[in-house]
file entry.pdb (PDB, C-alpha atoms)
ATOM      1  CA  MET A   1     -20.915 -93.770 -66.624  1.00  0.00           C
ATOM      2  CA  SER A   2     -20.010 -92.306 -69.970  1.00  0.00           C
ATOM      3  CA  GLU A   3     -23.488 -91.206 -70.963  1.00  0.00           C
ATOM      4  CA  THR A   4     -24.226 -87.850 -72.545  1.00  0.00           C
ATOM      5  CA  PHE A   5     -27.349 -85.712 -72.535  1.00  0.00           C
ATOM      6  CA  SER A   6     -28.632 -82.517 -74.104  1.00  0.00           C
ATOM      7  CA  GLY A   7     -27.324 -79.473 -72.229  1.00  0.00           C
ATOM      8  CA  GLN A   8     -24.311 -81.260 -70.780  1.00  0.00           C
ATOM      9  CA  ARG A   9     -21.515 -78.932 -69.691  1.00  0.00           C
ATOM     10  CA  GLU A  10     -17.834 -79.429 -70.325  1.00  0.00           C
ATOM     11  CA  GLY A  11     -16.289 -81.657 -67.666  1.00  0.00           C
ATOM     12  CA  GLU A  12     -19.710 -82.809 -66.458  1.00  0.00           C
ATOM     13  CA  GLU A  13     -20.101 -86.556 -66.020  1.00  0.00           C
ATOM     14  CA  VAL A  14     -23.281 -88.535 -65.421  1.00  0.00           C
ATOM     15  CA  GLU A  15     -23.073 -90.311 -62.057  1.00  0.00           C
ATOM     16  CA  LEU A  16     -26.589 -91.685 -61.589  1.00  0.00           C
ATOM     17  CA  ILE A  17     -29.921 -91.822 -63.388  1.00  0.00           C
ATOM     18  CA  PHE A  18     -32.992 -92.847 -61.432  1.00  0.00           C
ATOM     19  CA  ARG A  19     -36.772 -92.837 -61.737  1.00  0.00           C
ATOM     20  CA  ARG A  20     -39.528 -92.888 -59.211  1.00  0.00           C
ATOM     21  CA  HIS A  21     -40.755 -96.355 -58.216  1.00  0.00           C
ATOM     22  CA  MET A  22     -42.871 -98.172 -60.816  1.00  0.00           C
ATOM     23  CA  MET A  23     -45.737 -98.168 -58.297  1.00  0.00           C
ATOM     24  CA  THR A  24     -46.264 -94.492 -59.169  1.00  0.00           C
ATOM     25  CA  ALA A  25     -47.827 -95.710 -62.424  1.00  0.00           C
ATOM     26  CA  TRP A  26     -50.691 -97.494 -60.600  1.00  0.00           C
ATOM     27  CA  ARG A  27     -53.240 -95.208 -62.285  1.00  0.00           C
ATOM     28  CA  GLY A  28     -52.519 -96.914 -65.597  1.00  0.00           C
ATOM     29  CA  LEU A  29     -53.418-100.313 -64.189  1.00  0.00           C
ATOM     30  CA  LEU A  30     -56.530 -98.835 -62.587  1.00  0.00           C
ATOM     31  CA  TRP A  31     -57.495 -97.308 -65.941  1.00  0.00           C
ATOM     32  CA  LEU A  32     -57.136-100.711 -67.650  1.00  0.00           C
ATOM     33  CA  VAL A  33     -59.216-102.528 -65.023  1.00  0.00           C
ATOM     34  CA  ALA A  34     -61.929 -99.829 -65.039  1.00  0.00           C
ATOM     35  CA  TRP A  35     -62.359 -99.913 -68.811  1.00  0.00           C
ATOM     36  CA  GLY A  36     -62.318-103.712 -68.819  1.00  0.00           C
ATOM     37  CA  LEU A  37     -65.160-103.700 -66.275  1.00  0.00           C
ATOM     38  CA  ILE A  38     -67.100-100.998 -68.146  1.00  0.00           C
ATOM     39  CA  GLY A  39     -66.847-103.129 -71.272  1.00  0.00           C
ATOM     40  CA  MET A  40     -68.265-106.100 -69.371  1.00  0.00           C
ATOM     41  CA  ILE A  41     -71.578-104.305 -68.699  1.00  0.00           C
ATOM     42  CA  PRO A  42     -72.976-104.606 -72.261  1.00  0.00           C
ATOM     43  CA  LEU A  43     -71.555-108.124 -72.490  1.00  0.00           C
ATOM     44  CA  VAL A  44     -73.548-109.177 -69.399  1.00  0.00           C
ATOM     45  CA  VAL A  45     -76.717-107.230 -70.260  1.00  0.00           C
ATOM     46  CA  TRP A  46     -76.984-108.443 -73.862  1.00  0.00           C
ATOM     47  CA  ARG A  47     -75.644-111.986 -73.535  1.00  0.00           C
ATOM     48  CA  ASP A  48     -77.049-113.258 -76.799  1.00  0.00           C
ATOM     49  CA  ASP A  49     -75.545-110.498 -78.955  1.00  0.00           C
ATOM     50  CA  GLN A  50     -72.095-111.606 -80.076  1.00  0.00           C
ATOM     51  CA  ARG A  51     -71.223-108.039 -81.135  1.00  0.00           C
ATOM     52  CA  MET A  52     -70.944-107.100 -77.458  1.00  0.00           C
ATOM     53  CA  PHE A  53     -67.703-109.050 -77.322  1.00  0.00           C
ATOM     54  CA  PHE A  54     -66.247-106.498 -79.746  1.00  0.00           C
ATOM     55  CA  VAL A  55     -67.590-103.668 -77.588  1.00  0.00           C
ATOM     56  CA  TRP A  56     -65.719-105.219 -74.666  1.00  0.00           C
ATOM     57  CA  LEU A  57     -62.552-105.518 -76.783  1.00  0.00           C
ATOM     58  CA  GLY A  58     -62.923-101.840 -77.736  1.00  0.00           C
ATOM     59  CA  CYS A  59     -63.216-100.819 -74.083  1.00  0.00           C
ATOM     60  CA  LEU A  60     -60.240-102.994 -73.239  1.00  0.00           C
ATOM     61  CA  GLY A  61     -58.313-101.269 -76.047  1.00  0.00           C
ATOM     62  CA  VAL A  62     -59.112 -97.864 -74.513  1.00  0.00           C
ATOM     63  CA  GLY A  63     -57.821 -99.199 -71.184  1.00  0.00           C
ATOM     64  CA  VAL A  64     -54.588-100.422 -72.774  1.00  0.00           C
ATOM     65  CA  VAL A  65     -54.023 -97.034 -74.449  1.00  0.00           C
ATOM     66  CA  GLY A  66     -54.568 -95.282 -71.104  1.00  0.00           C
ATOM     67  CA  MET A  67     -52.200 -97.666 -69.345  1.00  0.00           C
ATOM     68  CA  LEU A  68     -49.509 -97.113 -71.999  1.00  0.00           C
ATOM     69  CA  TYR A  69     -49.938 -93.328 -71.664  1.00  0.00           C
ATOM     70  CA  VAL A  70     -49.345 -93.480 -67.895  1.00  0.00           C
ATOM     71  CA  TYR A  71     -46.343 -95.764 -68.440  1.00  0.00           C
ATOM     72  CA  MET A  72     -44.936 -93.291 -71.000  1.00  0.00           C
ATOM     73  CA  LEU A  73     -45.245 -90.441 -68.487  1.00  0.00           C
ATOM     74  CA  TRP A  74     -43.403 -92.556 -65.892  1.00  0.00           C
ATOM     75  CA  HIS A  75     -40.692 -93.753 -68.271  1.00  0.00           C
ATOM     76  CA  PHE A  76     -39.806 -90.318 -69.639  1.00  0.00           C
ATOM     77  CA  SER A  77     -39.718 -88.691 -66.184  1.00  0.00           C
ATOM     78  CA  TYR A  78     -36.387 -89.203 -64.468  1.00  0.00           C
ATOM     79  CA  TYR A  79     -33.653 -87.685 -62.323  1.00  0.00           C
ATOM     80  CA  LEU A  80     -30.183 -87.301 -63.785  1.00  0.00           C
ATOM     81  CA  VAL A  81     -27.354 -86.753 -61.300  1.00  0.00           C
ATOM     82  CA  THR A  82     -24.007 -85.472 -62.553  1.00  0.00           C
ATOM     83  CA  ASN A  83     -20.875 -84.404 -60.733  1.00  0.00           C
ATOM     84  CA  GLN A  84     -22.223 -80.794 -60.862  1.00  0.00           C
ATOM     85  CA  ARG A  85     -26.018 -80.883 -60.583  1.00  0.00           C
ATOM     86  CA  ILE A  86     -29.267 -82.796 -60.310  1.00  0.00           C
ATOM     87  CA  ARG A  87     -31.593 -82.505 -63.278  1.00  0.00           C
ATOM     88  CA  GLN A  88     -35.260 -83.349 -62.795  1.00  0.00           C
ATOM     89  CA  VAL A  89     -37.042 -84.110 -66.070  1.00  0.00           C
ATOM     90  CA  ARG A  90     -40.815 -84.585 -65.812  1.00  0.00           C
ATOM     91  CA  GLN A  91     -42.988 -85.554 -68.748  1.00  0.00           C
ATOM     92  CA  LYS A  92     -46.312 -83.736 -68.353  1.00  0.00           C
ATOM     93  CA  GLY A  93     -48.112 -84.968 -71.476  1.00  0.00           C
ATOM     94  CA  LEU A  94     -47.364 -86.029 -75.018  1.00  0.00           C
ATOM     95  CA  PHE A  95     -45.726 -82.734 -75.991  1.00  0.00           C
ATOM     96  CA  ARG A  96     -44.854 -81.053 -72.687  1.00  0.00           C
ATOM     97  CA  LYS A  97     -42.040 -81.614 -70.247  1.00  0.00           C
ATOM     98  CA  THR A  98     -40.420 -79.584 -67.488  1.00  0.00           C
ATOM     99  CA  VAL A  99     -36.748 -79.562 -66.554  1.00  0.00           C
ATOM    100  CA  VAL A 100     -35.352 -78.305 -63.234  1.00  0.00           C
ATOM    101  CA  ASP A 101     -31.628 -78.111 -62.483  1.00  0.00           C
ATOM    102  CA  LEU A 102     -30.254 -77.918 -58.958  1.00  0.00           C
ATOM    103  CA  GLY A 103     -26.526 -77.373 -58.447  1.00  0.00           C
ATOM    104  CA  LEU A 104     -24.924 -79.824 -56.043  1.00  0.00           C
ATOM    105  CA  ASP A 105     -23.069 -76.949 -54.377  1.00  0.00           C
ATOM    106  CA  LYS A 106     -26.434 -75.355 -53.490  1.00  0.00           C
ATOM    107  CA  ILE A 107     -27.669 -78.383 -51.516  1.00  0.00           C
ATOM    108  CA  GLN A 108     -27.440 -77.876 -47.755  1.00  0.00           C
ATOM    109  CA  SER A 109     -28.872 -81.177 -46.569  1.00  0.00           C
ATOM    110  CA  ILE A 110     -30.293 -84.430 -47.883  1.00  0.00           C
ATOM    111  CA  SER A 111     -32.660 -86.722 -46.024  1.00  0.00           C
ATOM    112  CA  TYR A 112     -34.784 -89.732 -46.847  1.00  0.00           C
ATOM    113  CA  GLU A 113     -37.654 -91.595 -45.259  1.00  0.00           C
ATOM    114  CA  VAL A 114     -38.894 -95.146 -45.804  1.00  0.00           C
ATOM    115  CA  PRO A 115     -42.601 -95.464 -44.924  1.00  0.00           C
ATOM    116  CA  GLY A 116     -42.832 -98.506 -42.651  1.00  0.00           C
ATOM    117  CA  ILE A 117     -43.124-102.083 -43.761  1.00  0.00           C
ATOM    118  CA  ALA A 118     -44.576-101.334 -47.208  1.00  0.00           C
ATOM    119  CA  GLY A 119     -41.683 -99.060 -48.161  1.00  0.00           C
ATOM    120  CA  GLY A 120     -39.135-101.553 -46.943  1.00  0.00           C
ATOM    121  CA  MET A 121     -40.870-104.464 -48.635  1.00  0.00           C
ATOM    122  CA  PHE A 122     -41.257-102.742 -52.009  1.00  0.00           C
ATOM    123  CA  GLY A 123     -38.012-100.760 -51.756  1.00  0.00           C
ATOM    124  CA  TYR A 124     -39.169 -97.163 -52.003  1.00  0.00           C
ATOM    125  CA  GLY A 125     -38.987 -93.994 -49.971  1.00  0.00           C
ATOM    126  CA  THR A 126     -39.086 -90.199 -50.111  1.00  0.00           C
ATOM    127  CA  MET A 127     -36.020 -87.981 -50.453  1.00  0.00           C
ATOM    128  CA  LEU A 128     -35.830 -84.325 -49.454  1.00  0.00           C
ATOM    129  CA  LEU A 129     -33.071 -82.012 -50.689  1.00  0.00           C
ATOM    130  CA  GLN A 130     -32.845 -78.687 -48.802  1.00  0.00           C
ATOM    131  CA  THR A 131     -31.339 -75.524 -50.302  1.00  0.00           C
ATOM    132  CA  GLN A 132     -31.391 -71.851 -49.307  1.00  0.00           C
ATOM    133  CA  ALA A 133     -34.010 -71.183 -51.973  1.00  0.00           C
ATOM    134  CA  GLY A 134     -36.306 -74.047 -50.967  1.00  0.00           C
ATOM    135  CA  SER A 135     -36.517 -77.789 -51.123  1.00  0.00           C
ATOM    136  CA  MET A 136     -36.913 -80.522 -53.724  1.00  0.00           C
ATOM    137  CA  ARG A 137     -39.074 -83.430 -52.626  1.00  0.00           C
ATOM    138  CA  ILE A 138     -38.699 -86.662 -54.586  1.00  0.00           C
ATOM    139  CA  GLY A 139     -41.394 -89.174 -53.687  1.00  0.00           C
ATOM    140  CA  MET A 140     -41.419 -92.926 -54.311  1.00  0.00           C
ATOM    141  CA  VAL A 141     -37.672 -93.242 -54.965  1.00  0.00           C
ATOM    142  CA  ARG A 142     -36.496 -96.793 -55.621  1.00  0.00           C
ATOM    143  CA  LYS A 143     -33.690 -97.849 -53.267  1.00  0.00           C
ATOM    144  CA  PRO A 144     -33.567 -94.509 -51.405  1.00  0.00           C
ATOM    145  CA  GLU A 145     -30.614 -95.502 -49.191  1.00  0.00           C
ATOM    146  CA  LYS A 146     -28.395 -96.192 -52.207  1.00  0.00           C
ATOM    147  CA  THR A 147     -29.462 -92.955 -53.921  1.00  0.00           C
ATOM    148  CA  TYR A 148     -28.969 -91.022 -50.686  1.00  0.00           C
ATOM    149  CA  ASN A 149     -25.411 -92.316 -50.267  1.00  0.00           C
ATOM    150  CA  VAL A 150     -24.450 -91.454 -53.858  1.00  0.00           C
ATOM    151  CA  LEU A 151     -25.913 -87.947 -53.500  1.00  0.00           C
ATOM    152  CA  GLN A 152     -24.172 -87.372 -50.161  1.00  0.00           C
ATOM    153  CA  ASP A 153     -20.802 -88.294 -51.685  1.00  0.00           C
ATOM    154  CA  LEU A 154     -21.361 -86.053 -54.720  1.00  0.00           C
ATOM    155  CA  VAL A 155     -22.501 -83.077 -52.635  1.00  0.00           C
ATOM    156  CA  GLU A 156     -19.452 -83.453 -50.402  1.00  0.00           C
ATOM    157  CA  LYS A 157     -17.144 -83.451 -53.434  1.00  0.00           C
ATOM    158  CA  ALA A 158     -18.952 -80.442 -54.966  1.00  0.00           C
ATOM    159  CA  THR A 159     -18.632 -78.328 -51.813  1.00  0.00           C
ATOM    160  CA  GLU A 160     -14.902 -79.004 -51.276  1.00  0.00           C
TER
END

call {"tool": "encode", "arguments": {"input": "entry.pdb", "output": "structure tokens"}}
result
Amino acid sequence: MSETFSGQREGEEVELIFRRHMMTAWRGLLWLVAWGLIGMIPLVVWRDDQRMFFVWLGCLGVGVVGMLYVYMLWHFSYYLVTNQRIRQVRQKGLFRKTVVDLGLDKIQSISYEVPGIAGGMFGYGTMLLQTQAGSMRIGMVRKPEKTYNVLQDLVEKATE
């Protein structure tokens, strides 16, 4: 990959960019359904009043905005793996994000777990990166076996 990013060091190359599984954004869909149902209450109670349709549309609009907000948080949160480090970028709101860097040479072990049939069916799992200082747990990783193999190769190269 020949991608660049803010804070990139000289000689550092992007090897992999991945996000958590899209299923982590389920709250957005729940928000949409909840507001759609809330908007149905006045529509059912006051059947003859045609203005209640617009109340329902307003509630549905609130649900769509909430769903888009959750999607935005998911989309702008990612893991960037270079030949030197792993960078975790997490969007925490409209104007707040956190960034954590973990040097590949600091990683002592990597493991992953696929939770039964559901994880295998939907293609997600949990990765755990152990260091002397602590661990980084990455939940709901898409294609964890592929990500695990790439990380293992990069860590091996970094520690040589």

call {"tool": "resolve_selection", "arguments": {"input": "entry.pdb", "expression": "the PyMOL selection byres ((chain A and resi 90) around 9)", "output": "PyMOL selection string"}}
result
chain A and resi 73-74+76-79+88-89+91-92+96-100

call {"tool": "closest_residue", "arguments": {"input": "entry.pdb", "among": "A:Val65, A:Leu43, A:Leu151, A:Leu80", "to": "Val14 in chain A", "atoms": "only C-alpha atoms"}}
result
A:Leu80

call {"tool": "residues_around", "arguments": {"input": "entry.pdb", "residues": "Thr24 in chain A", "least_positions_apart": "3", "cutoff": "9 Å", "atoms": "only C-alpha atoms", "output": "list of chain:residue names"}}
result
A:Arg20, A:His21, A:Arg27, A:Trp74, A:Met140

call {"tool": "closest_residue", "arguments": {"input": "entry.pdb", "among": "A:Leu94, A:Ile107, A:Ala158, A:Ile41", "to": "Tyr71 in chain A", "atoms": "only C-alpha atoms"}}
result
A:Leu94

call {"tool": "closest_residue", "arguments": {"input": "entry.pdb", "among": "A:Gly7, A:Val33, A:Lys157, A:Phe122", "to": "Gln84 in chain A", "atoms": "only C-alpha atoms"}}
result
A:Lys157

call {"tool": "atom_distance", "arguments": {"input": "entry.pdb", "atom1": "CA of Tyr112 in chain A", "atom2": "CA of Asn83 in chain A"}}
result
20.4 Å

call {"tool": "atom_distance", "arguments": {"input": "entry.pdb", "atom1": "CA of Met136 in chain A", "atom2": "CA of Glu160 in chain A"}}
result
22.2 Å

call {"tool": "resolve_selection", "arguments": {"input": "entry.pdb", "expression": "the PyMOL selection byres ((chain A and resi 135) around 12)", "output": "number ranges by chain"}}
result
A: 102, 106-111, 127-134, 136-138

call {"tool": "atom_distance", "arguments": {"input": "entry.pdb", "atom1": "CA of Gly125 in chain A", "atom2": "CA of Tyr148 in chain A"}}
result
10.5 Å

call {"tool": "closest_residue", "arguments": {"input": "entry.pdb", "among": "A:Val114, A:Leu16, A:Val55, A:Leu32", "to": "Arg85 in chain A", "atoms": "all atoms listed in the file"}}
result
A:Leu16

call {"tool": "closest_residue", "arguments": {"input": "entry.pdb", "among": "A:Gly103, A:Thr82, A:Leu60, A:Met22", "to": "Glu3 in chain A", "atoms": "all atoms listed in the file"}}
result
A:Thr82

call {"tool": "residues_around", "arguments": {"input": "entry.pdb", "residues": "range 36-40 of chain A", "least_positions_apart": "4", "cutoff": "12 Å", "atoms": "all atoms listed in the file", "output": "PyMOL selection string"}}
result
chain A and resi 29-32+44-47+51-64+66-67
